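Asks: Next comes query-v4.pdb, PDB, C-alpha atoms:
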ATOM      1  CA  MET A   1     -15.865   3.017  14.625
ATOM      2  CA  TYR A   2     -15.597   2.202  10.912
ATOM      3  CA  ARG A   3     -12.843   3.473   8.685
ATOM      4  CA  THR A   4     -13.353   4.364   5.070
ATOM      5  CA  ILE A   5     -10.705   3.382   2.601
ATOM      6  CA  GLN A   6      -9.509   6.266   0.494
ATOM      7  CA  THR A   7      -8.387   5.619  -3.042
ATOM      8  CA  PRO A   8      -4.874   6.988  -3.549
ATOM      9  CA  THR A   9      -4.876  10.404  -5.189
ATOM     10  CA  ILE A  10      -3.104   9.204  -8.322
ATOM     11  CA  TRP A  11      -5.909   6.715  -9.105
ATOM     12  CA  ARG A  12      -8.613   9.312  -8.576
ATOM     13  CA  GLU A  13      -6.780  11.564 -11.006
ATOM     14  CA  MET A  14      -6.542   8.713 -13.549
ATOM     15  CA  ASP A  15     -10.324   8.127 -13.255
ATOM     16  CA  ARG A  16     -10.970  11.834 -13.770
ATOM     17  CA  LEU A  17      -8.671  11.882 -16.798
ATOM     18  CA  GLN A  18     -10.504   8.853 -18.286
ATOM     19  CA  ARG A  19     -13.896  10.552 -17.818
ATOM     20  CA  ASP A  20     -12.611  13.763 -19.426
ATOM     21  CA  MET A  21     -11.173  11.873 -22.399
ATOM     22  CA  ASN A  22     -14.432   9.965 -22.904
ATOM     23  CA  ARG A  23     -16.375  13.226 -22.810
ATOM     24  CA  LEU A  24     -14.065  14.789 -25.439
ATOM     25  CA  ILE A  25     -14.269  11.789 -27.760
ATOM     26  CA  THR A  26     -18.054  11.691 -27.494
ATOM     27  CA  ARG A  27     -18.328  15.416 -28.186
ATOM     28  CA  TYR A  28     -16.028  15.604 -31.217
ATOM     29  CA  TYR A  29     -16.398  12.099 -32.668
ATOM     30  CA  PRO A  30     -19.952  11.013 -31.836
ATOM     31  CA  SER A  31     -19.973   8.452 -34.660
ATOM     32  CA  ARG A  32     -17.250   6.471 -32.870
ATOM     33  CA  THR A  33     -19.532   5.819 -29.911
ATOM     34  CA  GLN A  34     -22.863   5.420 -31.714
ATOM     35  CA  THR A  35     -23.931   2.401 -33.692
ATOM     36  CA  ALA A  36     -26.271   2.496 -36.648
ATOM     37  CA  PRO A  37     -29.723   1.045 -36.030
ATOM     38  CA  ASP A  38     -30.676  -2.149 -37.816
ATOM     39  CA  TYR A  39     -32.345  -1.408 -41.125
ATOM     40  CA  PRO A  40     -35.119  -1.893 -41.891
ATOM     41  CA  ALA A  41     -36.914  -1.477 -38.574
ATOM     42  CA  ILE A  42     -39.257  -4.418 -38.014
ATOM     43  CA  ASN A  43     -42.034  -5.724 -35.794
ATOM     44  CA  ILE A  44     -42.697  -9.459 -35.444
ATOM     45  CA  TRP A  45     -45.693 -11.152 -33.851
ATOM     46  CA  ALA A  46     -47.446 -14.510 -34.175
ATOM     47  CA  ASN A  47     -50.587 -16.432 -33.464
ATOM     48  CA  ARG A  48     -51.058 -20.232 -33.398
ATOM     49  CA  GLU A  49     -50.867 -20.622 -37.194
ATOM     50  CA  THR A  50     -48.836 -17.718 -38.567
ATOM     51  CA  HIS A  51     -45.888 -15.366 -38.039
ATOM     52  CA  PHE A  52     -46.340 -11.741 -39.105
ATOM     53  CA  VAL A  53     -43.497  -9.372 -39.959
ATOM     54  CA  SER A  54     -43.899  -5.670 -40.633
ATOM     55  CA  ALA A  55     -40.899  -3.699 -41.950
ATOM     56  CA  GLU A  56     -40.522   0.036 -42.536
ATOM     57  CA  ILE A  57     -38.791   0.643 -45.862
ATOM     58  CA  PRO A  58     -39.629   4.214 -46.936
ATOM     59  CA  GLY A  59     -38.331   5.578 -50.206
ATOM     60  CA  VAL A  60     -37.850   2.133 -51.776
ATOM     61  CA  ARG A  61     -39.860   0.705 -54.659
ATOM     62  CA  ALA A  62     -41.431  -2.751 -54.288
ATOM     63  CA  GLU A  63     -39.408  -4.055 -57.252
ATOM     64  CA  ASP A  64     -36.182  -3.126 -55.396
ATOM     65  CA  ILE A  65     -37.000  -5.432 -52.449
ATOM     66  CA  ASP A  66     -36.128  -9.141 -52.291
ATOM     67  CA  LEU A  67     -37.534 -11.635 -49.776
ATOM     68  CA  ASN A  68     -36.005 -15.020 -49.101
ATOM     69  CA  VAL A  69     -37.230 -17.691 -46.663
ATOM     70  CA  GLU A  70     -35.106 -20.672 -45.707
ATOM     71  CA  GLY A  71     -36.207 -22.850 -42.787
ATOM     72  CA  ASN A  72     -37.000 -20.362 -40.029
ATOM     73  CA  THR A  73     -34.884 -17.502 -41.421
ATOM     74  CA  LEU A  74     -36.398 -14.577 -43.312
ATOM     75  CA  THR A  75     -34.065 -12.273 -45.246
ATOM     76  CA  ILE A  76     -35.199  -8.856 -46.451
ATOM     77  CA  SER A  77     -32.791  -7.172 -48.860
ATOM     78  CA  GLY A  78     -32.871  -4.451 -51.449
ATOM     79  CA  GLU A  79     -31.518  -1.102 -52.436
ATOM     80  CA  ARG A  80     -32.416   2.493 -51.693
ATOM     81  CA  TYR A  81     -31.160   4.960 -54.282
ATOM     82  CA  LYS A  82     -29.540   8.298 -53.552
ATOM     83  CA  ASP A  83     -31.746  11.376 -53.874
ATOM     84  CA  GLU A  84     -31.007  13.313 -57.020
ATOM     85  CA  ILE A  85     -30.442  16.991 -56.396
ATOM     86  CA  PRO A  86     -30.132  19.745 -59.001
ATOM     87  CA  GLU A  87     -26.722  20.578 -60.422
ATOM     88  CA  ASN A  88     -24.790  23.178 -58.390
ATOM     89  CA  ALA A  89     -26.832  22.335 -55.275
ATOM     90  CA  ASN A  90     -25.275  21.233 -51.980
ATOM     91  CA  PHE A  91     -26.754  19.253 -49.111
ATOM     92  CA  HIS A  92     -27.197  21.162 -45.855
ATOM     93  CA  ARG A  93     -28.077  17.953 -44.045
ATOM     94  CA  GLN A  94     -28.226  14.348 -45.227
ATOM     95  CA  GLU A  95     -29.614  11.917 -42.673
ATOM     96  CA  ARG A  96     -31.329   9.349 -44.895
ATOM     97  CA  GLY A  97     -28.990   6.625 -46.017
ATOM     98  CA  PHE A  98     -28.810   4.993 -49.414
ATOM     99  CA  GLY A  99     -27.306   1.885 -50.924
ATOM    100  CA  LYS A 100     -27.867  -1.834 -50.574
ATOM    101  CA  PHE A 101     -29.318  -3.287 -47.376
ATOM    102  CA  SER A 102     -29.983  -6.761 -46.024
ATOM    103  CA  ARG A 103     -31.459  -7.982 -42.770
ATOM    104  CA  SER A 104     -31.986 -11.584 -41.692
ATOM    105  CA  ILE A 105     -34.478 -12.467 -38.984
ATOM    106  CA  THR A 106     -34.644 -15.821 -37.224
ATOM    107  CA  LEU A 107     -38.263 -16.725 -36.569
ATOM    108  CA  PRO A 108     -39.297 -18.863 -33.567
ATOM    109  CA  SER A 109     -40.315 -21.758 -35.862
ATOM    110  CA  ALA A 110     -40.028 -22.951 -39.460
ATOM    111  CA  VAL A 111     -42.531 -21.694 -42.038
ATOM    112  CA  GLU A 112     -44.111 -22.967 -45.238
ATOM    113  CA  ALA A 113     -42.030 -20.997 -47.744
ATOM    114  CA  ASP A 114     -44.380 -21.654 -50.682
ATOM    115  CA  LYS A 115     -47.311 -20.046 -48.807
ATOM    116  CA  VAL A 116     -45.569 -16.818 -47.714
ATOM    117  CA  GLU A 117     -47.393 -13.657 -48.807
ATOM    118  CA  ALA A 118     -46.145 -10.059 -48.837
ATOM    119  CA  THR A 119     -47.731  -6.676 -49.507
ATOM    120  CA  PHE A 120     -46.011  -3.307 -49.817
ATOM    121  CA  LYS A 121     -47.852  -0.017 -49.429
ATOM    122  CA  ASN A 122     -46.756   3.474 -48.350
ATOM    123  CA  GLY A 123     -43.274   2.268 -47.374
ATOM    124  CA  LEU A 124     -44.572  -0.529 -45.132
ATOM    125  CA  LEU A 125     -43.808  -4.153 -46.039
ATOM    126  CA  ASN A 126     -46.193  -6.678 -44.432
ATOM    127  CA  ILE A 127     -45.255 -10.346 -44.607
ATOM    128  CA  THR A 128     -47.447 -13.304 -43.591
ATOM    129  CA  LEU A 129     -45.512 -16.524 -42.926
ATOM    130  CA  PRO A 130     -47.643 -19.639 -42.189
ATOM    131  CA  LYS A 131     -46.041 -22.036 -39.699
ATOM    132  CA  LEU A 132     -45.257 -25.602 -40.748
ATOM    133  CA  GLU A 133     -47.948 -28.024 -39.604
ATOM    134  CA  ALA A 134     -45.401 -29.856 -37.432
ATOM    135  CA  GLU A 135     -44.456 -26.572 -35.719
ATOM    136  CA  LYS A 136     -47.989 -25.578 -34.737
ATOM    137  CA  PRO A 137     -48.909 -26.152 -31.088
ATOM    138  CA  LYS A 138     -51.004 -29.244 -30.464
ATOM    139  CA  LYS A 139     -53.568 -29.635 -27.729
ATOM    140  CA  ILE A 140     -52.993 -32.845 -25.807
ATOM    141  CA  GLU A 141     -56.048 -34.510 -24.355
ATOM    142  CA  ILE A 142     -55.564 -35.927 -20.879
ATOM    143  CA  ARG A 143     -57.448 -39.142 -20.157
ATOM    144  CA  SER A 144     -58.412 -40.164 -16.645
TER     145      SER A 144
END
Output the file's structure as structure tokens, nothing else.
Replies:
Amino acid sequence: MYRTIQTPTIWREMDRLQRDMNRLITRYYPSRTQTAPDYPAINIWANRETHFVSAEIPGVRAEDIDLNVEGNTLTISGERYKDEIPENANFHRQERGFGKFSRSITLPSAVEADKVEATFKNGLLNITLPKLEAEKPKKIEIRS
């Protein structure tokens, strides 16, 4: 016959107290347990010759965005300005952030910085980053 080991009552009570405290903190101070998502949200994909980056940057003008490429690191930075509301008006809810932003992305390989192209339309930034010739995959012929 097997015996189960019971945790002493005091430790079970301490575990319960910890769970209750965590629940209270999460309920009344949710910002302490939540982290802000990276901004801007991006998608990255590649083929044999090129990396592609797509970034969502709504509410920002193209002239307020800066792109910088160094080696295999792409940095997207800029500024989103605060919405202007009429005098004597108050926000009921404000979920969209404002201010300066910057996000650096390490790409799988180095790119030709002088051939990078970017377009910005409807809040979507599309960047084409050609790979360096030395970084492109090479097919090796096997001789027999």
Asks: Counting all atoms listed in the file, figure out which residue out of A:Ala46, A:Ile65, A:Leu17, A:Ile76 gets nearest to Lys131 (chain A).
Replies: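 For Lys131 (chain A), the nearest of the given residues is A:Ala46.
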Asks: Using all atoms listed in the file, find the one residue out of A:Pro86, A:Pro40, A:Gly99, A:Pro108 that sits nearest to Gly71 (chain A).
Replies: A:Pro108
Asks: Which residues, named as in the file, does the PyMOL selection byres ((chain A and resi 125-129) around 9) pick out? Answer as a VMD selection string.
Replies: chain A and resid 49 to 57 62 111 to 113 115 to 124 130 to 131
Asks: Each side padded by 5 Å, which centre and which edge lengths in Å (one decimal) define the axis-aligned box around the listed atoms of region 47-58 of chain A? Give them as lines of an AutoDock Vina configuration file.
Replies:
center_x = -44.9
center_y = -8.2
center_z = -40.2
size_x = 22.3
size_y = 34.8
size_z = 23.5
Asks: Which residue gives the smallest distance to Asp38 (chain A) among A:Thr26, A:Arg103, A:Thr75, A:Ile142, with all atoms listed in the file counted?
Replies: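 Residue with the minimum atom-to-atom distance to Asp38 (chain A): A:Arg103.
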